[in-house]
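K.L.:
The following block contains the structure, expressed as structure tokens.
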Amino acid sequence: MKTIITQTLLLMAVATVGRAATPEGIPATAGEPCTFHEGVRYSELVINSRINDFYANTKTAGFGRYNDKGALIEQPRNATSVLDYVPGLVAKAILEAIDYYKDQPAVSVAPWFYAIQHYGCQFDIASAGKSGKSFDDLNAVKLYFLLSTLADSRRFADGDDFSNDATTAIAQKRLADALTGIAKANTTYVIKASTLPGAAGGWWHKSSYVDQMWCDGQYMGPALLAQMINEYAGYKAITADDWHLITRQFTIAWDYLWNPDTQLLYHAFTADPGGSAASKWAGVSATKGAEVYHSAEYWGRAVGWYFLAMVDVLEQMGKAGLTATADYQTLRQRLQLLADGLAARQDAASGCWYQLLNHDGSYVAQTYNSSYRYTSQPVANYLESSCTALFIAAYLKGDRLKLFDKDYKPLARKAYKGFVNRFMVGDGKGGVHLIYCCKSAGLGGSNFRDGSAEYYLLGKDTKPTTTSGSDFYTEGKVFGGFIMAAIEYERLTDSETTAVSYTVKEQPATEAACYSLAGLPLQQRPQQGLYICSRRVTASR
């Protein structure tokens, strides 16, 4: 028999009482920065903090809170009545956390399952998704793959809202409708050879963005179809070779967006630079013989979507046994190039990435269209949380799947630590917020969304979340992105932990030390709020 002393770090929360609040209702003590501690299960902390309270492009969102028996204890907060890609992203990420921790008693995942089950069963795909007009309105369908698998497993009892059988049936219906939407998009909302031969067959980002392909769209459309081929039992091919169709989308986007000099991808391109849809874009030129098809800048989150989408698609192609094909090798080769390019743009001090990838913090936007800016003051390029989260998730997942020729784990570890230190703060109510997330950004739809560097920093819709007033909240895109990153990080660190940590029978533990979220030593256990507890555990083997 051998006695082992181990140190573990736990996040502890106690009731918050008697705190003064700002006029906006924010507790006076909110906004305390967190300091990274190895061993803290940040996925669980963030899910429990924000599952019922986040935002989707400035609209309130949030899933219901349930107990472990499936009874509702706090109402959902969704402002929309149909599936939305932002809550859908969060739901998918939470399901990944459920799937990973479902066999670990220390993590209570049943309440999370019931929350996502309710969201997935209550809401339907928007009509624009079913008709193929918007891949944004289809991306949320990814949640149904794991949701139906978990429901079929009967791991969780039927809840008060929906049974497992009903959940499976609804999931299959949503997947069928999504496949119909993709098929319609492929025949209706595509770039024609007569418009631009090299881009023929490319899927429009949306029906309203005529002849445009965005980095973002590769995560929303082709990556969804790839997962359908492998995981939807009712899948029926929409072309003679759907894997090549998927690869073709990435190839077209790459050919018109990749800049080998910067080793980065522009946000979007138009197949018709002389048309009205992209006439206000910075960077585009319709000059005969010297056309420029791409927008002007490299926006972090857009590149993050493309990067993670490539990893997801290569994962699915690997499952389908296609690793020897030319399509797989083409995508994998380009994944290496993009991974190298992004690695070169990582901020050396923080480990994070900037809103504008081709600039550092010395770049300052002085002014922008007076009718479409959120401030009259200059704004400097800033380290942005959602792209950082997506890059971490893609690097760690790609490494786990052995998709890279280089070892990016040190880079990803640094970025994950930097994310917690830079973007995670106390919410003043016993949980945390994730801040410095660009709320939204796009091209066109408004003449003022021109894709210039000034737009991404000063444009009205691009304003980042902070710890101030109405901007102090967690945006769903960083929420979902961080959960995916955290689960990958926790997979990595779990695999490097000795088996002793998981096979011993723990004896009663004593608190060795307590720390604030900022990592400051506390003389005694706090009476309220959130704190980190270092525990000494005596275990026998």
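Following the order of the structure tokens, chains are lettered A, B, ..., residues in each are numbered from 1, and ligands are numbered from 1.
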Determine, using only C-alpha atoms, which residues of region 389-448 of chain A have any atom at most 12 Å from an atom of region 81-91 of chain A, and tabulate each with its shortest atom pair and distance in Å to one decimal place, rows ordered by chain and then rising number, as CSV.

P.N.:
residue,atom,partner,partner_atom,distance
A:Leu390,CA,A:Leu89,CA,11.7
A:Lys439,CA,A:Val86,CA,11.1
A:Ser440,CA,A:Val86,CA,11.0

K.L.:
Step one, run DSSP on the backbone; step two, keep only residues of region 321-499 of chain A assigned to alpha helix (DSSP H); then write them as an MDAnalysis selection string.

P.N.:
chainID A and resid 326:344 385:400 409:423 453:458 476:495

K.L.:
Could you list, as a compact mmCIF listing (two decimals) with N, CA and C atoms, in the first residue's frame, every residue within 10 Å of Pro464 (chain A), counting only C-alpha atoms and ignoring same-chain residues fewer than 3 positions away?

P.N.:
# COMPACT_ATOMS: atom_id res chain seq x y z
N GLN A 355 -7.85 41.21 -33.38
CA GLN A 355 -9.04 41.36 -34.21
C GLN A 355 -8.64 41.43 -35.69
N TYR A 382 -7.12 45.34 -31.14
CA TYR A 382 -7.13 44.72 -29.81
C TYR A 382 -7.08 43.21 -29.91
N GLU A 384 -8.50 39.76 -29.45
CA GLU A 384 -9.92 39.43 -29.55
C GLU A 384 -10.17 37.99 -29.10
N SER A 385 -11.21 37.81 -28.33
CA SER A 385 -11.41 36.53 -27.64
C SER A 385 -11.97 35.42 -28.53
N ILE A 435 -14.96 38.26 -22.16
CA ILE A 435 -15.11 39.59 -22.75
C ILE A 435 -14.16 39.80 -23.93
N TYR A 436 -14.17 41.02 -24.46
CA TYR A 436 -13.39 41.43 -25.63
C TYR A 436 -13.69 40.55 -26.85
N CYS A 437 -14.97 40.34 -27.07
CA CYS A 437 -15.45 39.61 -28.25
C CYS A 437 -16.09 40.61 -29.21
N CYS A 438 -15.63 40.64 -30.44
CA CYS A 438 -16.28 41.44 -31.48
C CYS A 438 -17.71 40.93 -31.63
N LYS A 439 -18.69 41.82 -31.43
CA LYS A 439 -20.08 41.36 -31.42
C LYS A 439 -20.51 40.80 -32.77
N SER A 440 -20.13 41.48 -33.83
CA SER A 440 -20.51 41.01 -35.17
C SER A 440 -19.64 41.74 -36.19
N LEU A 457 -12.79 47.96 -36.62
CA LEU A 457 -12.51 48.53 -35.30
C LEU A 457 -13.52 49.57 -34.87
N LEU A 458 -14.17 50.24 -35.82
CA LEU A 458 -15.08 51.33 -35.47
C LEU A 458 -16.52 51.12 -35.93
N LYS A 460 -20.30 50.13 -36.35
CA LYS A 460 -21.30 50.06 -35.29
C LYS A 460 -21.54 48.64 -34.80
N ASP A 461 -21.57 47.67 -35.70
CA ASP A 461 -21.87 46.30 -35.29
C ASP A 461 -20.65 45.56 -34.75
N ASP A 471 -22.21 46.69 -22.32
CA ASP A 471 -21.29 45.84 -23.07
C ASP A 471 -20.68 44.74 -22.21
N PHE A 472 -21.09 44.66 -20.96
CA PHE A 472 -20.54 43.65 -20.05
C PHE A 472 -21.40 42.40 -20.11
N GLU A 475 -20.71 37.03 -25.21
CA GLU A 475 -21.29 36.79 -26.52
C GLU A 475 -21.17 35.31 -26.84

K.L.:
Mind the document's chain letters and residue numbers, and return as number ranges by chain the residues of region 163-363 of chain A that DSSP labels strand (DSSP E).

P.N.:
A: 212-214, 258-259, 264-265, 268-270

K.L.:
Can I get the selection written as an mmCIF file, in the first residue's frame, with all heavy atoms?

P.N.:
data_model
loop_
_atom_site.group_PDB
_atom_site.id
_atom_site.type_symbol
_atom_site.label_atom_id
_atom_site.label_comp_id
_atom_site.auth_asym_id
_atom_site.auth_seq_id
_atom_site.Cartn_x
_atom_site.Cartn_y
_atom_site.Cartn_z
ATOM 1 N N GLN A 212 -21.081 35.799 -53.571
ATOM 2 C CA GLN A 212 -20.051 36.006 -52.556
ATOM 3 C C GLN A 212 -19.788 34.712 -51.781
ATOM 4 O O GLN A 212 -20.709 33.984 -51.445
ATOM 5 C CB GLN A 212 -20.481 37.083 -51.556
ATOM 6 C CG GLN A 212 -20.668 38.454 -52.143
ATOM 7 C CD GLN A 212 -21.203 39.444 -51.125
ATOM 8 O OE1 GLN A 212 -21.071 39.246 -49.920
ATOM 9 N NE2 GLN A 212 -21.809 40.522 -51.609
ATOM 10 N N MET A 213 -18.524 34.470 -51.472
ATOM 11 C CA MET A 213 -18.132 33.389 -50.567
ATOM 12 C C MET A 213 -17.303 34.001 -49.447
ATOM 13 O O MET A 213 -16.394 34.794 -49.700
ATOM 14 C CB MET A 213 -17.337 32.308 -51.295
ATOM 15 C CG MET A 213 -18.140 31.537 -52.318
ATOM 16 S SD MET A 213 -17.208 30.160 -53.058
ATOM 17 C CE MET A 213 -17.215 28.958 -51.715
ATOM 18 N N TRP A 214 -17.631 33.643 -48.208
ATOM 19 C CA TRP A 214 -16.943 34.151 -47.030
ATOM 20 C C TRP A 214 -16.229 32.999 -46.334
ATOM 21 O O TRP A 214 -16.674 31.843 -46.371
ATOM 22 C CB TRP A 214 -17.935 34.761 -46.038
ATOM 23 C CG TRP A 214 -18.729 35.939 -46.522
ATOM 24 C CD1 TRP A 214 -18.858 36.389 -47.807
ATOM 25 C CD2 TRP A 214 -19.529 36.810 -45.715
ATOM 26 N NE1 TRP A 214 -19.682 37.478 -47.848
ATOM 27 C CE2 TRP A 214 -20.110 37.771 -46.577
ATOM 28 C CE3 TRP A 214 -19.813 36.877 -44.354
ATOM 29 C CZ2 TRP A 214 -20.953 38.773 -46.114
ATOM 30 C CZ3 TRP A 214 -20.643 37.871 -43.887
ATOM 31 C CH2 TRP A 214 -21.204 38.817 -44.766
ATOM 32 N N TRP A 258 -6.647 33.283 -50.229
ATOM 33 C CA TRP A 258 -5.335 33.044 -49.624
ATOM 34 C C TRP A 258 -4.288 33.993 -50.199
ATOM 35 O O TRP A 258 -4.165 34.145 -51.415
ATOM 36 C CB TRP A 258 -4.896 31.610 -49.877
ATOM 37 C CG TRP A 258 -3.522 31.267 -49.378
ATOM 38 C CD1 TRP A 258 -2.412 31.013 -50.140
ATOM 39 C CD2 TRP A 258 -3.100 31.127 -48.017
ATOM 40 N NE1 TRP A 258 -1.333 30.719 -49.340
ATOM 41 C CE2 TRP A 258 -1.726 30.783 -48.026
ATOM 42 C CE3 TRP A 258 -3.749 31.254 -46.794
ATOM 43 C CZ2 TRP A 258 -0.991 30.576 -46.863
ATOM 44 C CZ3 TRP A 258 -3.028 31.044 -45.633
ATOM 45 C CH2 TRP A 258 -1.668 30.714 -45.660
ATOM 46 N N ASN A 259 -3.554 34.624 -49.313
ATOM 47 C CA ASN A 259 -2.442 35.469 -49.712
ATOM 48 C C ASN A 259 -1.149 34.797 -49.255
ATOM 49 O O ASN A 259 -0.868 34.742 -48.061
ATOM 50 C CB ASN A 259 -2.563 36.859 -49.079
ATOM 51 C CG ASN A 259 -1.470 37.814 -49.542
ATOM 52 O OD1 ASN A 259 -0.399 37.401 -49.981
ATOM 53 N ND2 ASN A 259 -1.757 39.107 -49.452
ATOM 54 N N LEU A 264 -2.238 34.423 -44.850
ATOM 55 C CA LEU A 264 -3.533 34.607 -44.216
ATOM 56 C C LEU A 264 -4.623 34.593 -45.276
ATOM 57 O O LEU A 264 -4.363 34.764 -46.469
ATOM 58 C CB LEU A 264 -3.583 35.940 -43.456
ATOM 59 C CG LEU A 264 -2.660 36.087 -42.238
ATOM 60 C CD1 LEU A 264 -2.677 37.532 -41.751
ATOM 61 C CD2 LEU A 264 -3.082 35.140 -41.121
ATOM 62 N N LEU A 265 -5.861 34.426 -44.823
ATOM 63 C CA LEU A 265 -7.027 34.447 -45.693
ATOM 64 C C LEU A 265 -7.786 35.765 -45.522
ATOM 65 O O LEU A 265 -8.086 36.175 -44.392
ATOM 66 C CB LEU A 265 -7.976 33.290 -45.348
ATOM 67 C CG LEU A 265 -7.486 31.885 -45.674
ATOM 68 C CD1 LEU A 265 -8.234 30.863 -44.823
ATOM 69 C CD2 LEU A 265 -7.685 31.574 -47.158
ATOM 70 N N ALA A 268 -13.498 37.635 -47.363
ATOM 71 C CA ALA A 268 -14.477 37.175 -48.350
ATOM 72 C C ALA A 268 -14.058 37.598 -49.749
ATOM 73 O O ALA A 268 -13.169 38.444 -49.926
ATOM 74 C CB ALA A 268 -15.853 37.759 -48.020
ATOM 75 N N PHE A 269 -14.718 36.995 -50.757
ATOM 76 C CA PHE A 269 -14.510 37.453 -52.120
ATOM 77 C C PHE A 269 -15.849 37.502 -52.848
ATOM 78 O O PHE A 269 -16.824 36.852 -52.468
ATOM 79 C CB PHE A 269 -13.516 36.567 -52.875
ATOM 80 C CG PHE A 269 -14.086 35.325 -53.506
ATOM 81 C CD1 PHE A 269 -14.586 35.347 -54.810
ATOM 82 C CD2 PHE A 269 -14.118 34.118 -52.807
ATOM 83 C CE1 PHE A 269 -15.106 34.196 -55.399
ATOM 84 C CE2 PHE A 269 -14.634 32.977 -53.391
ATOM 85 C CZ PHE A 269 -15.132 33.008 -54.682
ATOM 86 N N THR A 270 -15.883 38.293 -53.899
ATOM 87 C CA THR A 270 -17.042 38.370 -54.776
ATOM 88 C C THR A 270 -16.629 37.884 -56.162
ATOM 89 O O THR A 270 -15.550 38.226 -56.653
ATOM 90 C CB THR A 270 -17.597 39.798 -54.874
ATOM 91 O OG1 THR A 270 -18.639 39.828 -55.867
ATOM 92 C CG2 THR A 270 -16.518 40.800 -55.252
#

K.L.:
Suppose you want the space between CA of Asn230 (chain A) and CA of Ala176 (chain A); what is it in Å?

P.N.:
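These atoms are spaced 13.9 Å apart.
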
K.L.:
Can you work out which one of A:Gln366, A:Thr149, A:Gln75, A:Ser163 has the shortest atom-to-atom distance to Val379 (chain A), counting only C-alpha atoms?

P.N.:
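The answer is A:Gln366, which sits nearest to Val379 (chain A).
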